[in-house]
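> See structure39.csv below, with CSV, C-alpha atoms and all ligand atoms.
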chain,number,residue,atom,x,y,z
A,269,MET,CA,105.1,104.2,108.3
A,270,SER,CA,108.2,105.2,110.1
A,271,ASN,CA,107.8,106.0,113.7
A,272,THR,CA,110.9,108.2,113.8
A,273,GLY,CA,111.2,111.8,112.8
A,274,ILE,CA,108.5,114.3,112.5
A,275,GLN,CA,105.0,113.5,111.4
A,276,GLU,CA,102.9,116.2,109.9
A,277,GLY,CA,99.4,117.4,110.9
A,278,ALA,CA,97.9,120.4,109.3
A,279,ILE,CA,94.6,122.3,110.0
A,280,GLU,CA,93.4,123.5,106.6
A,281,PRO,CA,90.7,126.0,105.7
A,282,GLY,CA,88.5,123.6,103.8
A,283,ARG,CA,84.9,124.7,103.4
A,284,GLN,CA,84.5,127.4,106.0
A,285,PRO,CA,83.6,127.2,108.8
A,286,ARG,CA,84.6,123.6,108.4
A,287,ALA,CA,88.2,122.6,108.9
A,288,SER,CA,90.0,119.4,108.9
A,289,PHE,CA,93.2,117.6,109.8
A,290,ARG,CA,95.5,116.6,107.0
A,291,ALA,CA,97.2,113.8,108.8
A,292,PRO,CA,97.9,110.1,108.4
A,293,GLN,CA,94.9,108.1,109.5
A,294,PRO,CA,95.6,107.1,112.1
A,295,ILE,CA,98.9,108.6,113.3
A,296,GLU,CA,100.9,105.5,114.2
A,297,LEU,CA,103.4,105.6,117.1
A,298,THR,CA,105.3,102.9,119.1
A,299,ALA,CA,105.1,102.8,122.8
A,300,GLY,CA,108.3,104.0,124.4
A,301,GLU,CA,109.6,105.7,121.3
A,302,PHE,CA,110.3,109.4,121.2
A,303,THR,CA,108.3,111.1,118.5
A,304,LYS,CA,107.7,114.7,117.3
A,305,ILE,CA,104.5,115.8,115.5
A,306,ARG,CA,104.3,119.2,113.8
A,307,LEU,CA,100.9,120.9,113.9
A,308,VAL,CA,100.2,123.8,111.5
A,309,ASN,CA,97.1,126.0,111.7
A,310,GLN,CA,96.4,127.2,108.2
A,311,THR,CA,93.0,128.7,109.2
A,312,HIS,CA,92.0,132.0,110.9
A,313,PRO,CA,90.3,130.6,114.1
A,314,MET,CA,92.3,129.5,117.1
A,315,HIS,CA,92.3,125.8,117.8
A,316,PRO,CA,93.0,124.2,121.3
A,317,ILE,CA,94.3,120.8,120.2
A,318,HIS,CA,93.8,118.2,122.8
A,319,LEU,CA,95.3,114.7,123.0
A,320,HIS,CA,93.7,111.9,125.0
A,321,GLY,CA,95.7,109.4,127.0
A,322,GLN,CA,99.2,110.8,126.5
A,323,PHE,CA,101.1,113.9,127.7
A,324,PHE,CA,103.5,115.9,125.6
A,325,LYS,CA,105.9,118.9,125.6
A,326,VAL,CA,106.1,121.7,123.2
A,327,PRO,CA,109.7,122.1,122.1
A,328,THR,CA,109.1,124.8,119.5
A,329,ARG,CA,106.5,127.3,118.5
A,330,ASN,CA,106.9,129.0,115.1
A,331,GLY,CA,110.5,127.9,115.0
A,332,GLU,CA,111.4,129.4,118.3
A,333,PRO,CA,112.4,127.2,121.3
A,334,VAL,CA,109.8,126.9,124.1
A,335,ASP,CA,111.0,126.3,127.6
A,336,GLU,CA,108.1,124.9,129.7
A,337,PRO,CA,108.7,123.0,132.9
A,338,TYR,CA,105.5,120.9,132.6
A,339,PHE,CA,103.8,118.4,130.3
A,340,ARG,CA,100.6,119.2,128.5
A,341,ASP,CA,97.5,117.5,127.1
A,342,THR,CA,96.4,120.6,125.1
A,343,VAL,CA,98.1,123.2,123.0
A,344,LEU,CA,96.5,126.4,121.6
A,345,LEU,CA,97.3,127.1,117.9
A,346,GLU,CA,96.6,130.7,116.9
A,347,MET,CA,96.3,131.7,113.3
A,348,LEU,CA,99.2,130.4,111.2
A,349,ASP,CA,100.9,128.9,114.2
A,350,GLU,CA,103.3,126.0,113.7
A,351,VAL,CA,103.9,124.0,116.8
A,352,GLU,CA,105.9,120.9,117.5
A,353,ILE,CA,104.6,118.5,120.1
A,354,ALA,CA,107.0,115.9,121.4
A,355,LEU,CA,106.2,112.8,123.4
A,356,VAL,CA,107.2,109.3,124.4
A,357,PRO,CA,103.8,107.5,124.2
A,358,LEU,CA,103.5,105.0,127.1
A,359,ASP,CA,100.0,103.6,126.9
A,360,VAL,CA,99.1,101.2,124.1
A,361,GLY,CA,95.8,101.8,122.4
A,362,GLN,CA,93.9,104.3,120.3
A,363,TRP,CA,93.8,107.9,121.5
A,364,VAL,CA,91.8,110.8,120.0
A,365,LEU,CA,93.6,113.9,118.9
A,366,HIS,CA,91.1,116.7,118.3
A,367,CYS,CA,90.3,120.4,118.5
A,368,HIS,CA,88.6,121.1,121.8
A,369,ILE,CA,86.1,123.5,120.2
A,370,GLN,CA,83.3,121.0,119.9
A,371,GLU,CA,82.0,122.3,116.5
A,372,HIS,CA,85.4,122.0,115.0
A,373,GLY,CA,85.9,118.5,116.2
A,374,GLU,CA,82.5,117.5,114.9
A,375,ALA,CA,83.4,119.2,111.6
A,376,GLY,CA,86.3,116.7,111.2
A,377,MET,CA,89.1,118.3,113.1
A,378,MET,CA,89.8,115.0,114.8
A,379,THR,CA,92.0,112.0,114.2
A,380,VAL,CA,93.3,108.9,116.0
A,381,MET,CA,96.7,108.3,117.4
A,382,GLU,CA,97.4,104.6,117.5
A,383,VAL,CA,100.1,103.5,120.0
A,384,ALA,CA,101.4,100.0,119.3
A,385,ALA,CA,103.4,97.8,121.7
A,386,ASP,CA,107.2,97.8,121.2
A,387,ASP,CA,107.8,94.2,120.0
A,401,CU,CU,89.3,124.4,116.4
Just dump the structure as structure tokens.

Amino acid sequence: MSNTGIQEGAIEPGRQPRASFRAPQPIELTAGEFTKIRLVNQTHPMHPIHLHGQFFKVPTRNGEPVDEPYFRDTVLLEMLDEVEIALVPLDVGQWVLHCHIQEHGEAGMMTVMEVAADD
């Protein structure tokens, strides 16, 4: 898998109230390499998407530029939101990316981001 460009992650309706990520399993990144990931909420509920072990910025929300002077570990996706997250992963390992609403995470709205060393 290429580690450049935008990777896709979508939250799909599925069997309600279940929802799931449609994303590469795991999302593979390289330490020190700038990456954008696009998250799309195709469901009605809001989803606070939380990433462990890394911090990111939100350069765009629904195609509009976002200017935030801070890094995040969580971003809220409202219904039909499309959000880019941008990061330079620094810590090698496997990190969980999941909805912070526990029942959504347990229903499958959870994936792994694997950060490999830059050889
Ligand atoms: Cu959720």
> In Å, with one decimal, what is the gap from atom CA of Pro357 of chain A to atom CA of Ala299 of chain A?
5.1 Å
> Which residues sit within 9 Å of ligand CU 401 (chain A), counting all atoms listed in the file, listed as a PyMOL selection string?
chain A and resi 279+287+313-317+345+366-373+377
> Given the choices A:Leu307, A:Val334, A:Ala375, A:Leu319, which gets closest to Gln362 of chain A if the distance is worked out from all atoms listed in the file?
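Among the listed residues, A:Leu319 lies closest to Gln362 of chain A.
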> Leaving out Ala385 of chain A and any residue of its chain fewer than 2 positions from it, which residues lie within 7 Å of it when counting all atoms listed in the file, given as a tab-separated table (two decimals) with C-alpha atoms, in the frame of the given file?

chain	number	residue	atom	x	y	z
A	298	THR	CA	105.30	102.90	119.10
A	299	ALA	CA	105.10	102.80	122.80
A	360	VAL	CA	99.10	101.20	124.10
A	383	VAL	CA	100.10	103.50	120.00
A	387	ASP	CA	107.80	94.20	120.00
> Measure the distance from atom CA of Asp386 of chain A to atom CA of Leu365 of chain A in Å and round it to one decimal.
21.2 Å
> Kindly give the distance, in Å, that separates atom CA of Pro294 of chain A and atom CA of Gln322 of chain A, rounded to a single decimal.
15.3 Å
> For Ala354 of chain A, which of A:Met378, A:Val308, A:Val326, A:Ala384 is the closest residue, counting only C-alpha atoms?
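Closest candidate: A:Val326.
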> Quick one: of A:Glu350, A:Asp335, A:Glu296, A:Asp341, who's nearest to Gln310 of chain A, counting only C-alpha atoms?
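Between A:Glu350, A:Asp335, A:Glu296, A:Asp341, the residue approaching Gln310 of chain A most closely is A:Glu350.
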> From the options A:Tyr338, A:Arg306, A:Val356, A:Trp363, which residue's atoms come nearest to Met381 of chain A, counting all atoms listed in the file?
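Among the listed residues, the smallest separation from Met381 of chain A belongs to A:Trp363.
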> N, CA and C atoms for segment 348-368 of chain A, written as a PDB file, keeping the file's coordinate frame, could you do that?

ATOM      1  N   LEU A 348      97.946 130.626 111.844  1.00  0.00           N
ATOM      2  CA  LEU A 348      99.200 130.400 111.200  1.00  0.00           C
ATOM      3  C   LEU A 348     100.302 129.853 112.085  1.00  0.00           C
ATOM      4  N   ASP A 349      99.953 129.493 113.303  1.00  0.00           N
ATOM      5  CA  ASP A 349     100.900 128.900 114.200  1.00  0.00           C
ATOM      6  C   ASP A 349     101.427 127.568 113.685  1.00  0.00           C
ATOM      7  N   GLU A 350     102.705 127.322 113.944  1.00  0.00           N
ATOM      8  CA  GLU A 350     103.300 126.000 113.700  1.00  0.00           C
ATOM      9  C   GLU A 350     103.962 125.556 114.950  1.00  0.00           C
ATOM     10  N   VAL A 351     103.451 124.471 115.488  1.00  0.00           N
ATOM     11  CA  VAL A 351     103.900 124.000 116.800  1.00  0.00           C
ATOM     12  C   VAL A 351     104.317 122.562 116.708  1.00  0.00           C
ATOM     13  N   GLU A 352     105.454 122.271 117.333  1.00  0.00           N
ATOM     14  CA  GLU A 352     105.900 120.900 117.500  1.00  0.00           C
ATOM     15  C   GLU A 352     105.393 120.371 118.824  1.00  0.00           C
ATOM     16  N   ILE A 353     104.865 119.156 118.823  1.00  0.00           N
ATOM     17  CA  ILE A 353     104.600 118.500 120.100  1.00  0.00           C
ATOM     18  C   ILE A 353     105.541 117.260 120.120  1.00  0.00           C
ATOM     19  N   ALA A 354     106.092 116.978 121.290  1.00  0.00           N
ATOM     20  CA  ALA A 354     107.000 115.900 121.400  1.00  0.00           C
ATOM     21  C   ALA A 354     106.562 114.997 122.585  1.00  0.00           C
ATOM     22  N   LEU A 355     106.610 113.704 122.351  1.00  0.00           N
ATOM     23  CA  LEU A 355     106.200 112.800 123.400  1.00  0.00           C
ATOM     24  C   LEU A 355     106.831 111.441 123.280  1.00  0.00           C
ATOM     25  N   VAL A 356     106.818 110.737 124.387  1.00  0.00           N
ATOM     26  CA  VAL A 356     107.200 109.300 124.400  1.00  0.00           C
ATOM     27  C   VAL A 356     105.864 108.621 124.837  1.00  0.00           C
ATOM     28  N   PRO A 357     105.118 108.088 123.879  1.00  0.00           N
ATOM     29  CA  PRO A 357     103.800 107.500 124.200  1.00  0.00           C
ATOM     30  C   PRO A 357     104.081 106.231 125.102  1.00  0.00           C
ATOM     31  N   LEU A 358     103.297 106.106 126.164  1.00  0.00           N
ATOM     32  CA  LEU A 358     103.500 105.000 127.100  1.00  0.00           C
ATOM     33  C   LEU A 358     102.321 104.024 127.104  1.00  0.00           C
ATOM     34  N   ASP A 359     101.146 104.492 126.806  1.00  0.00           N
ATOM     35  CA  ASP A 359     100.000 103.600 126.900  1.00  0.00           C
ATOM     36  C   ASP A 359      99.504 103.173 125.539  1.00  0.00           C
ATOM     37  N   VAL A 360      99.539 101.851 125.366  1.00  0.00           N
ATOM     38  CA  VAL A 360      99.100 101.200 124.100  1.00  0.00           C
ATOM     39  C   VAL A 360      97.636 101.421 123.893  1.00  0.00           C
ATOM     40  N   GLY A 361      97.271 101.700 122.667  1.00  0.00           N
ATOM     41  CA  GLY A 361      95.800 101.800 122.400  1.00  0.00           C
ATOM     42  C   GLY A 361      95.599 102.906 121.342  1.00  0.00           C
ATOM     43  N   GLN A 362      94.335 103.237 121.192  1.00  0.00           N
ATOM     44  CA  GLN A 362      93.900 104.300 120.300  1.00  0.00           C
ATOM     45  C   GLN A 362      93.485 105.500 121.077  1.00  0.00           C
ATOM     46  N   TRP A 363      94.044 106.649 120.723  1.00  0.00           N
ATOM     47  CA  TRP A 363      93.800 107.900 121.500  1.00  0.00           C
ATOM     48  C   TRP A 363      93.349 108.957 120.496  1.00  0.00           C
ATOM     49  N   VAL A 364      92.370 109.729 120.908  1.00  0.00           N
ATOM     50  CA  VAL A 364      91.800 110.800 120.000  1.00  0.00           C
ATOM     51  C   VAL A 364      92.662 112.033 120.147  1.00  0.00           C
ATOM     52  N   LEU A 365      92.960 112.632 118.998  1.00  0.00           N
ATOM     53  CA  LEU A 365      93.600 113.900 118.900  1.00  0.00           C
ATOM     54  C   LEU A 365      92.627 114.852 118.186  1.00  0.00           C
ATOM     55  N   HIS A 366      92.198 115.926 118.866  1.00  0.00           N
ATOM     56  CA  HIS A 366      91.100 116.700 118.300  1.00  0.00           C
ATOM     57  C   HIS A 366      91.161 118.155 118.771  1.00  0.00           C
ATOM     58  N   CYS A 367      90.471 119.029 118.014  1.00  0.00           N
ATOM     59  CA  CYS A 367      90.300 120.400 118.500  1.00  0.00           C
ATOM     60  C   CYS A 367      89.223 120.364 119.594  1.00  0.00           C
ATOM     61  N   HIS A 368      89.510 121.114 120.672  1.00  0.00           N
ATOM     62  CA  HIS A 368      88.600 121.100 121.800  1.00  0.00           C
ATOM     63  C   HIS A 368      87.409 121.987 121.658  1.00  0.00           C
TER      64      HIS A 368
END
